[in-house]
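S.K.: Below is the file protein_26.cif, with mmCIF, C-alpha atoms.
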data_upload
#
loop_
_atom_site.group_PDB
_atom_site.id
_atom_site.type_symbol
_atom_site.label_atom_id
_atom_site.label_comp_id
_atom_site.auth_asym_id
_atom_site.auth_seq_id
_atom_site.Cartn_x
_atom_site.Cartn_y
_atom_site.Cartn_z
ATOM 1 C CA ARG P 21 -64.935 -149.963 45.422
ATOM 2 C CA HIS P 22 -67.481 -148.772 47.966
ATOM 3 C CA GLU P 23 -66.946 -147.148 51.345
ATOM 4 C CA PHE P 24 -69.486 -146.669 54.122
ATOM 5 C CA TYR P 25 -69.647 -143.711 56.516
ATOM 6 C CA LEU P 26 -71.612 -143.014 59.671
ATOM 7 C CA PRO P 27 -73.057 -139.539 60.361
ATOM 8 C CA GLY P 28 -70.201 -137.109 61.010
ATOM 9 C CA GLY P 29 -67.629 -139.336 59.316
ATOM 10 C CA PHE P 30 -65.056 -137.491 57.218
ATOM 11 C CA ILE P 31 -64.836 -138.768 53.649
ATOM 12 C CA VAL P 32 -62.193 -136.174 52.771
ATOM 13 C CA ARG P 33 -60.535 -133.527 54.932
ATOM 14 C CA GLY P 34 -59.823 -130.108 53.462
ATOM 15 C CA GLY P 35 -56.118 -129.697 52.723
ATOM 16 C CA ASN P 36 -55.571 -133.373 51.877
ATOM 17 C CA VAL P 37 -54.188 -134.142 48.430
ATOM 18 C CA CYS P 38 -56.835 -135.492 46.064
ATOM 19 C CA ASP P 39 -56.174 -139.094 45.079
ATOM 20 C CA ALA P 40 -59.728 -140.197 44.238
ATOM 21 C CA MET P 41 -63.092 -139.288 42.769
ATOM 22 C CA TYR P 42 -66.198 -140.008 44.869
ATOM 23 C CA PHE P 43 -69.791 -140.897 43.923
ATOM 24 C CA VAL P 44 -72.622 -140.600 46.458
ATOM 25 C CA LYS P 45 -74.489 -143.895 46.076
ATOM 26 C CA ARG P 46 -76.709 -143.516 49.153
ATOM 27 C CA GLY P 47 -77.092 -140.873 51.842
ATOM 28 C CA GLU P 48 -76.051 -137.219 52.017
ATOM 29 C CA VAL P 49 -72.648 -135.550 52.124
ATOM 30 C CA LEU P 50 -72.006 -132.056 53.483
ATOM 31 C CA ILE P 51 -69.369 -129.829 51.895
ATOM 32 C CA ILE P 52 -67.772 -127.966 54.791
ATOM 33 C CA ASP P 53 -65.567 -124.864 54.604
ATOM 34 C CA GLU P 54 -63.356 -124.761 57.702
ATOM 35 C CA ASN P 55 -62.065 -121.210 57.452
ATOM 36 C CA MET P 56 -60.258 -119.790 60.497
ATOM 37 C CA GLY P 57 -61.770 -122.399 62.819
ATOM 38 C CA ILE P 58 -65.356 -121.718 61.733
ATOM 39 C CA GLU P 59 -67.239 -124.551 60.027
ATOM 40 C CA LEU P 60 -69.709 -123.472 57.347
ATOM 41 C CA CYS P 61 -71.798 -125.874 55.264
ATOM 42 C CA VAL P 62 -71.376 -124.698 51.682
ATOM 43 C CA GLU P 63 -73.555 -127.313 49.989
ATOM 44 C CA THR P 64 -75.149 -130.732 50.431
ATOM 45 C CA LEU P 65 -74.578 -133.579 47.972
ATOM 46 C CA TYR P 66 -77.230 -136.242 47.429
ATOM 47 C CA GLU P 67 -77.560 -139.643 45.768
ATOM 48 C CA ASN P 68 -75.896 -139.689 42.296
ATOM 49 C CA ASP P 69 -73.827 -136.542 42.982
ATOM 50 C CA CYS P 70 -70.050 -136.756 42.749
ATOM 51 C CA PHE P 71 -66.964 -134.797 43.776
ATOM 52 C CA GLY P 72 -63.251 -134.848 43.054
ATOM 53 C CA GLU P 73 -63.825 -135.282 39.316
ATOM 54 C CA ILE P 74 -61.678 -132.265 38.397
ATOM 55 C CA LYS P 75 -59.067 -132.466 41.134
ATOM 56 C CA ILE P 76 -58.273 -136.124 40.390
ATOM 57 C CA LEU P 77 -56.841 -134.956 37.057
ATOM 58 C CA MET P 78 -54.457 -132.503 38.758
ATOM 59 C CA PRO P 79 -51.539 -134.224 40.507
ATOM 60 C CA ARG P 80 -50.750 -132.932 44.001
ATOM 61 C CA GLU P 81 -53.893 -130.739 44.077
ATOM 62 C CA ALA P 82 -55.465 -130.436 47.547
ATOM 63 C CA TYR P 83 -59.125 -130.280 48.498
ATOM 64 C CA ARG P 84 -60.292 -126.862 49.628
ATOM 65 C CA PHE P 85 -63.298 -128.198 51.522
ATOM 66 C CA SER P 86 -64.006 -131.151 53.796
ATOM 67 C CA TYR P 87 -66.660 -133.703 52.820
ATOM 68 C CA VAL P 88 -68.614 -135.198 55.726
ATOM 69 C CA ALA P 89 -71.452 -137.741 55.818
ATOM 70 C CA ARG P 90 -74.626 -136.121 57.180
ATOM 71 C CA VAL P 91 -76.423 -139.465 57.502
ATOM 72 C CA GLU P 92 -75.303 -143.072 56.975
ATOM 73 C CA SER P 93 -73.820 -142.941 53.492
ATOM 74 C CA GLU P 94 -72.379 -145.242 50.857
ATOM 75 C CA VAL P 95 -69.790 -143.714 48.548
ATOM 76 C CA GLY P 96 -68.241 -145.206 45.403
ATOM 77 C CA VAL P 97 -64.524 -144.464 45.064
ATOM 78 C CA LEU P 98 -62.374 -144.301 41.921
ATOM 79 C CA LYS P 99 -58.695 -143.982 42.895
ATOM 80 C CA ARG P 100 -56.190 -142.064 40.764
ATOM 81 C CA ASP P 101 -54.179 -145.281 40.341
ATOM 82 C CA ASP P 102 -57.250 -146.964 38.831
ATOM 83 C CA LEU P 103 -57.697 -144.046 36.449
ATOM 84 C CA ASP P 104 -54.010 -144.163 35.466
ATOM 85 C CA GLU P 105 -54.459 -147.802 34.394
ATOM 86 C CA VAL P 106 -57.238 -146.780 31.994
ATOM 87 C CA PHE P 107 -55.253 -143.942 30.429
#
Represent the structure from my file as structure tokens, please.
M.R.:
Amino acid sequence: RHEFYLPGGFIVRGGNVCDAMYFVKRGEVLIIDENMGIELCVETLYENDCFGEIKILMPREAYRFSYVARVESEVGVLKRDDLDEVF
């Protein structure tokens, strides 16, 4: 499935349990480290980049960083439940 985000929209919040893998189809996604109340952009993801590919394989694993749309973005989403059906 596809999800759409406006600039500043949180795709994933740091600390949330990973239940999906995400593919940047269009736009840009910032990886934000929110350490002790200070937000620091660690990296920017672009079209065809993905995230969550490792964490989706680890049950109950939480995201360390937040992922935020920098511009209008379209993101493909593969849920853990969908992956479980394949394997």
S.K.: Which one of P:Asn68, P:Glu59, P:Gly47, P:Ile52 sits closest to P:Tyr83 if you count only C-alpha atoms?
M.R.: P:Ile52
S.K.: For P:Arg80, which residue among P:Glu48, P:Glu63, P:Asp39, P:Glu23 is the nearest when counting only C-alpha atoms?
M.R.: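 Checking each of P:Glu48, P:Glu63, P:Asp39, P:Glu23 against P:Arg80, counting only C-alpha atoms, the winner is P:Asp39.
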S.K.: To one decimal place, how far is atom CA of P:Val49 from atom CA of P:Arg33 in Å?
M.R.: 12.6 Å
S.K.: Contacts of P:Ser93 at 6 Å or less, counting only C-alpha atoms, minus same-chain residues fewer than 2 places along, as an MDAnalysis selection string?
M.R.: chainID P and resid 24:25 46:47 91
S.K.: List the neighbours of P:Leu98 out to 10 Å using only C-alpha atoms; skip same-chain residues closer than 4 positions along the sequence, and give me the result as a PDB file with C-alpha atoms, in the coordinates of the input.
M.R.:
ATOM      1  CA  ARG P  21     -64.935-149.963  45.422  1.00  0.00           C
ATOM      2  CA  HIS P  22     -67.481-148.772  47.966  1.00  0.00           C
ATOM      3  CA  ASP P  39     -56.174-139.094  45.079  1.00  0.00           C
ATOM      4  CA  ALA P  40     -59.728-140.197  44.238  1.00  0.00           C
ATOM      5  CA  MET P  41     -63.092-139.288  42.769  1.00  0.00           C
ATOM      6  CA  TYR P  42     -66.198-140.008  44.869  1.00  0.00           C
ATOM      7  CA  PHE P  43     -69.791-140.897  43.923  1.00  0.00           C
ATOM      8  CA  GLY P  72     -63.251-134.848  43.054  1.00  0.00           C
ATOM      9  CA  GLU P  73     -63.825-135.282  39.316  1.00  0.00           C
ATOM     10  CA  ILE P  76     -58.273-136.124  40.390  1.00  0.00           C
ATOM     11  CA  ASP P 102     -57.250-146.964  38.831  1.00  0.00           C
ATOM     12  CA  LEU P 103     -57.697-144.046  36.449  1.00  0.00           C
TER      13      LEU P 103
END
S.K.: Using all atoms of stretch 93-103 of chain P listed in the file and a margin of 3 Å per side, can you give the axis-aligned box centre and edge lengths in Å to one decimal, as lines of an AutoDock Vina configuration file?
M.R.:
center_x = -64.0
center_y = -144.5
center_z = 45.0
size_x = 25.6
size_y = 10.9
size_z = 23.0
S.K.: Counting only C-alpha atoms, note down every residue that has an atom within 12 Å of the point (-66.4, -128.8, 51.6) (file coordinates), as a ChimeraX atom specification.
M.R.: /P:30-36,49-55,59-65,71-72,82-89
S.K.: Between P:Glu67, P:Gly57, P:Cys38, P:Gly28, which has the minimum distance to P:Glu94 (counting all atoms listed in the file)?
M.R.: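 Among P:Glu67, P:Gly57, P:Cys38, P:Gly28, it is P:Glu67 that comes nearest to P:Glu94.
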S.K.: Mind giving me the straight-line distance from atom CA of P:Pro79 to atom CA of P:Asp101 in Å, one decimal?
M.R.: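 Computed distance, atom CA of P:Pro79 to atom CA of P:Asp101, equals 11.4 Å.
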S.K.: Check the smallest atom-to-atom distance from each of P:Glu92, P:Val37, P:Ile58, P:Val97 to P:Met78 using only C-alpha atoms, then report the winner.
M.R.: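 Among the listed residues, the smallest separation from P:Met78 belongs to P:Val37.
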